[in-house]
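Down below is the structure, laid out as structure tokens.
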Amino acid sequence: MPRRDSTPGLTANYHENNDATDGFRGGSPVSGALQGKTIIVTGAGGGIGREACAVLARAGANVIVTDIAADRGRETAAAITGSGLSATFFPADLASESDIQALVNHALEQFGRLDGAYNNAGVEQCALPLHELTLEQWERAIRIDLTSVFLCIKHQVKAMLKSGGGAIVNTASSLGQVAIPNASEYVAAKHGVIGLTRAAAAEYGRHGIRVNAVLPGIVLTPMISRLVADPQFSAFFEKVRERHPIGRFGQPSEIGEAVSWLLSASASFVNGTAFAVDGGYLAI
């Protein structure tokens, strides 16, 4: 089993190759729920990040697309602007605080303010038992899956404090609340994302900044979809599917819709939540 897909809870890759027009074919028209809002989306080059960009753009947002894989990020932004919606691309390595600061500054320069952010970028688990993990593998997971979220929140909050508030959503995972074997570095990081989300919500709610996390279950990104259809892995994924009481895996756009709601005024009293979008995975 390739390590990217070996366990439930893998839902957001640092970058992933997707069809550049996914999420824009036959999509609903601009709804206005986020009309004129400027929102950063990290890990936007594919999978959940790309679909979230599509959902947010259709809701009227000015989407700041970022990914370490510049070609994929540009594809996402081009798909949005090609649909007559608003987006701009800015490359950033989220392991670098200076890149994150430059990303936030880009949003301010382009649109004058930052209203929201979806911190989605991350790396997958190594699929190794804890005693076989190297320190380098552990530190990479913590750096990208947790420390980068801290740095994003840090600079996003600074911008939002100047403009009177905003909303932030972080991608955690169902594995931010439970654990499975051979994913200790990923489980630890995603538990940390939930704790960090709650801490930030407690600090900044009084300043008009809401901070929440989404916890996806297995989501059918193109990569996962290919593995589900592969006879070599079909038995494994059938067992995983049984852990989802809804009887199926999620679609990337379903995570995007949850993120859009959490970033909107409709969720104005939602702060510090770990919002499971997992088909009931955590219910059993």
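Residues in the structure tokens are numbered from 1 in each chain, the chains being A, B, ... in the order shown, and ligands are numbered from 1 in the order shown.
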Need to verify the contact set: range 245-251 of chain A, 8 Å, only C-alpha atoms, exclusion of same-chain residues closer than 5 positions in sequence. Can you return it as a PyMOL selection string? chain A and resi 217-221+278-281
With C-alpha atoms retained, could you export that selection as a PDB file, in the first residue's frame?
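Writing the result to again.pdb gives the following:
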ATOM      1  CA  GLY A 217     -12.801  11.233   6.876  1.00  0.00           C
ATOM      2  CA  ILE A 218     -11.675   9.463   3.709  1.00  0.00           C
ATOM      3  CA  VAL A 219     -12.298  11.788   0.773  1.00  0.00           C
ATOM      4  CA  LEU A 220     -12.337  10.747  -2.887  1.00  0.00           C
ATOM      5  CA  THR A 221      -9.627  12.906  -4.318  1.00  0.00           C
ATOM      6  CA  ASP A 278     -16.574  12.371   7.975  1.00  0.00           C
ATOM      7  CA  GLY A 279     -19.780  10.528   7.171  1.00  0.00           C
ATOM      8  CA  GLY A 280     -19.999   9.424  10.796  1.00  0.00           C
ATOM      9  CA  TYR A 281     -16.500   7.901  11.037  1.00  0.00           C
TER      10      TYR A 281
END
Select from range 15-241 of chain A everything DSSP, run on the backbone, classes as strand (DSSP E or B), then give the selection as a ChimeraX atom specification. /A:38-41,62-65,87-89,116-119,166-171,209-216,219
So the first atom is CA of Gln177 in chain A and the second is CA of His191 in chain A; what is the distance between them in Å, to one decimal place? 6.2 Å
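Checking A:Ser174, A:Thr42, A:Ala189, A:Pro216 one by one against Ile284 in chain A, counting only C-alpha atoms, you find the shortest gap at A:Ser174.
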Taking 5 positions as the minimum chain separation for residues in the same chain, which residues sit within 6 Å of range 261-274 of chain A when counting only C-alpha atoms? Answer as a compact mmCIF listing (two decimals) with N, CA and C atoms, in the first residue's frame.
# COMPACT_ATOMS: atom_id res chain seq x y z
N ALA A 167 -12.29 35.11 9.88
CA ALA A 167 -12.54 33.71 10.21
C ALA A 167 -11.45 32.84 9.60
N ARG A 198 -8.39 25.46 19.04
CA ARG A 198 -9.16 25.85 20.23
C ARG A 198 -8.46 26.97 21.00
N ALA A 201 -8.96 30.17 19.08
CA ALA A 201 -10.35 30.61 19.21
C ALA A 201 -10.58 31.28 20.56
N ARG A 210 -12.91 34.29 14.45
CA ARG A 210 -13.32 32.93 14.77
C ARG A 210 -12.31 31.94 14.15
N VAL A 211 -11.99 30.89 14.91
CA VAL A 211 -11.04 29.89 14.43
C VAL A 211 -11.65 28.50 14.66
N ASN A 212 -11.80 27.73 13.61
CA ASN A 212 -12.39 26.40 13.68
C ASN A 212 -11.55 25.42 12.87
N ALA A 213 -11.82 24.13 13.06
CA ALA A 213 -11.14 23.09 12.30
C ALA A 213 -12.16 22.16 11.66
N VAL A 214 -11.85 21.66 10.47
CA VAL A 214 -12.64 20.60 9.85
C VAL A 214 -11.88 19.29 10.00
Do a neighbour search on range 89-92 of chain A at 6 Å with only C-alpha atoms, toss out local chain neighbours closer than 4 positions, and write the hits as a list in words.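 The contact residues come out as Ile64, Val65, Thr66, Asp67, Ile68, Ala70, Arg74, Ala77 and Asp99 of chain A.
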Please, which residues of range 26-210 of chain A, numbered as in this document, come out alpha helix (DSSP H) from DSSP, as a PDB file with C-alpha atoms, in the first residue's frame?
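The new file states_8.pdb reads:
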ATOM      1  CA  GLY A  47      -7.724  17.633  -3.958  1.00  0.00           C
ATOM      2  CA  ILE A  48      -9.709  19.280  -1.187  1.00  0.00           C
ATOM      3  CA  GLY A  49      -7.844  22.578  -1.528  1.00  0.00           C
ATOM      4  CA  ARG A  50      -8.732  22.986  -5.187  1.00  0.00           C
ATOM      5  CA  GLU A  51     -12.378  22.099  -4.617  1.00  0.00           C
ATOM      6  CA  ALA A  52     -12.546  24.476  -1.668  1.00  0.00           C
ATOM      7  CA  CYS A  53     -11.258  27.269  -3.909  1.00  0.00           C
ATOM      8  CA  ALA A  54     -14.065  26.508  -6.368  1.00  0.00           C
ATOM      9  CA  VAL A  55     -16.717  26.595  -3.651  1.00  0.00           C
ATOM     10  CA  LEU A  56     -15.383  29.812  -2.120  1.00  0.00           C
ATOM     11  CA  ALA A  57     -15.096  31.542  -5.475  1.00  0.00           C
ATOM     12  CA  ARG A  58     -18.688  30.649  -6.350  1.00  0.00           C
ATOM     13  CA  ALA A  70       3.401  26.397  -8.489  1.00  0.00           C
ATOM     14  CA  ASP A  71       2.136  24.770 -11.687  1.00  0.00           C
ATOM     15  CA  ARG A  72      -0.816  23.170  -9.906  1.00  0.00           C
ATOM     16  CA  GLY A  73      -1.594  26.316  -7.975  1.00  0.00           C
ATOM     17  CA  ARG A  74      -1.634  28.350 -11.165  1.00  0.00           C
ATOM     18  CA  GLU A  75      -4.008  25.802 -12.703  1.00  0.00           C
ATOM     19  CA  THR A  76      -6.410  26.271  -9.819  1.00  0.00           C
ATOM     20  CA  ALA A  77      -6.292  30.055 -10.088  1.00  0.00           C
ATOM     21  CA  ALA A  78      -6.675  29.927 -13.876  1.00  0.00           C
ATOM     22  CA  ALA A  79      -9.736  27.698 -13.582  1.00  0.00           C
ATOM     23  CA  ILE A  80     -11.341  30.219 -11.237  1.00  0.00           C
ATOM     24  CA  THR A  81     -10.585  33.279 -13.333  1.00  0.00           C
ATOM     25  CA  GLY A  82     -11.529  31.376 -16.490  1.00  0.00           C
ATOM     26  CA  GLU A  97       7.687  31.871   7.935  1.00  0.00           C
ATOM     27  CA  SER A  98       8.911  34.538   5.527  1.00  0.00           C
ATOM     28  CA  ASP A  99       6.919  32.918   2.711  1.00  0.00           C
ATOM     29  CA  ILE A 100       3.789  32.906   4.878  1.00  0.00           C
ATOM     30  CA  GLN A 101       4.260  36.554   5.789  1.00  0.00           C
ATOM     31  CA  ALA A 102       4.744  37.402   2.108  1.00  0.00           C
ATOM     32  CA  LEU A 103       1.554  35.478   1.263  1.00  0.00           C
ATOM     33  CA  VAL A 104      -0.510  37.504   3.731  1.00  0.00           C
ATOM     34  CA  ASN A 105       1.094  40.720   2.482  1.00  0.00           C
ATOM     35  CA  HIS A 106       0.142  39.730  -1.065  1.00  0.00           C
ATOM     36  CA  ALA A 107      -3.499  39.396  -0.037  1.00  0.00           C
ATOM     37  CA  LEU A 108      -3.396  42.827   1.583  1.00  0.00           C
ATOM     38  CA  GLU A 109      -1.704  44.406  -1.423  1.00  0.00           C
ATOM     39  CA  GLN A 110      -4.151  42.879  -3.884  1.00  0.00           C
ATOM     40  CA  PHE A 111      -7.417  43.391  -1.995  1.00  0.00           C
ATOM     41  CA  LEU A 135      13.659  12.071  13.643  1.00  0.00           C
ATOM     42  CA  GLU A 136      13.650  13.686  10.200  1.00  0.00           C
ATOM     43  CA  GLN A 137      10.292  12.074   9.329  1.00  0.00           C
ATOM     44  CA  TRP A 138       8.809  13.116  12.660  1.00  0.00           C
ATOM     45  CA  GLU A 139      10.030  16.699  12.391  1.00  0.00           C
ATOM     46  CA  ARG A 140       8.831  17.030   8.789  1.00  0.00           C
ATOM     47  CA  ALA A 141       5.307  15.983   9.761  1.00  0.00           C
ATOM     48  CA  ILE A 142       5.198  18.325  12.745  1.00  0.00           C
ATOM     49  CA  SER A 148       2.895  25.732   9.439  1.00  0.00           C
ATOM     50  CA  VAL A 149      -0.675  26.082  10.735  1.00  0.00           C
ATOM     51  CA  PHE A 150       0.652  28.013  13.737  1.00  0.00           C
ATOM     52  CA  LEU A 151       2.617  30.329  11.460  1.00  0.00           C
ATOM     53  CA  CYS A 152      -0.348  30.837   9.131  1.00  0.00           C
ATOM     54  CA  ILE A 153      -2.671  31.699  12.018  1.00  0.00           C
ATOM     55  CA  LYS A 154      -0.035  34.021  13.501  1.00  0.00           C
ATOM     56  CA  HIS A 155       0.248  36.196  10.406  1.00  0.00           C
ATOM     57  CA  GLN A 156      -3.400  35.899   9.378  1.00  0.00           C
ATOM     58  CA  VAL A 157      -4.514  37.094  12.805  1.00  0.00           C
ATOM     59  CA  LYS A 158      -2.167  40.082  12.618  1.00  0.00           C
ATOM     60  CA  ALA A 159      -3.843  41.154   9.376  1.00  0.00           C
ATOM     61  CA  MET A 160      -7.364  40.499  10.678  1.00  0.00           C
ATOM     62  CA  LEU A 161      -6.799  42.477  13.872  1.00  0.00           C
ATOM     63  CA  LYS A 162      -6.097  45.533  11.733  1.00  0.00           C
ATOM     64  CA  SER A 163      -9.323  45.157   9.758  1.00  0.00           C
ATOM     65  CA  SER A 184       2.007   8.378  15.111  1.00  0.00           C
ATOM     66  CA  GLU A 185       3.583  11.494  13.621  1.00  0.00           C
ATOM     67  CA  TYR A 186       0.421  12.317  11.645  1.00  0.00           C
ATOM     68  CA  VAL A 187      -1.902  11.580  14.563  1.00  0.00           C
ATOM     69  CA  ALA A 188       0.193  13.735  16.893  1.00  0.00           C
ATOM     70  CA  ALA A 189       0.263  16.634  14.446  1.00  0.00           C
ATOM     71  CA  LYS A 190      -3.478  16.519  13.752  1.00  0.00           C
ATOM     72  CA  HIS A 191      -4.309  16.323  17.460  1.00  0.00           C
ATOM     73  CA  GLY A 192      -2.100  19.385  17.757  1.00  0.00           C
ATOM     74  CA  VAL A 193      -4.028  21.214  15.042  1.00  0.00           C
ATOM     75  CA  ILE A 194      -7.252  20.778  17.010  1.00  0.00           C
ATOM     76  CA  GLY A 195      -5.613  22.001  20.214  1.00  0.00           C
ATOM     77  CA  LEU A 196      -4.082  24.963  18.412  1.00  0.00           C
ATOM     78  CA  THR A 197      -7.450  25.789  16.838  1.00  0.00           C
ATOM     79  CA  ARG A 198      -9.157  25.853  20.232  1.00  0.00           C
ATOM     80  CA  ALA A 199      -6.381  27.931  21.797  1.00  0.00           C
ATOM     81  CA  ALA A 200      -6.550  30.523  18.996  1.00  0.00           C
ATOM     82  CA  ALA A 201     -10.348  30.611  19.213  1.00  0.00           C
ATOM     83  CA  ALA A 202     -10.135  31.294  22.939  1.00  0.00           C
ATOM     84  CA  GLU A 203      -7.639  34.111  22.421  1.00  0.00           C
ATOM     85  CA  TYR A 204      -9.146  35.933  19.463  1.00  0.00           C
TER      86      TYR A 204
END
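Distances to Pro222 in chain A were evaluated for A:Ile209, A:Pro252, A:Leu133, A:Lys37 using only C-alpha atoms, and the minimum falls at A:Pro252.
CA of Gly112 in chain A sits 13.7 Å away from CA of Gly165 in chain A.
Between CA of Ile255 in chain A and CA of Ala121 in chain A the interatomic distance comes to 13.8 Å.
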Could you pull the residues within 6 Å of Ile168 in chain A, counting only C-alpha atoms, minus those fewer than 5 positions along the same chain, as a compact mmCIF listing (two decimals) with C-alpha atoms, in the first residue's frame?
# COMPACT_ATOMS: atom_id res chain seq x y z
CA GLY A 116 -10.66 34.61 5.94
CA ALA A 117 -8.25 31.73 5.52
CA TYR A 118 -8.44 28.01 4.96
CA VAL A 211 -11.04 29.89 14.43
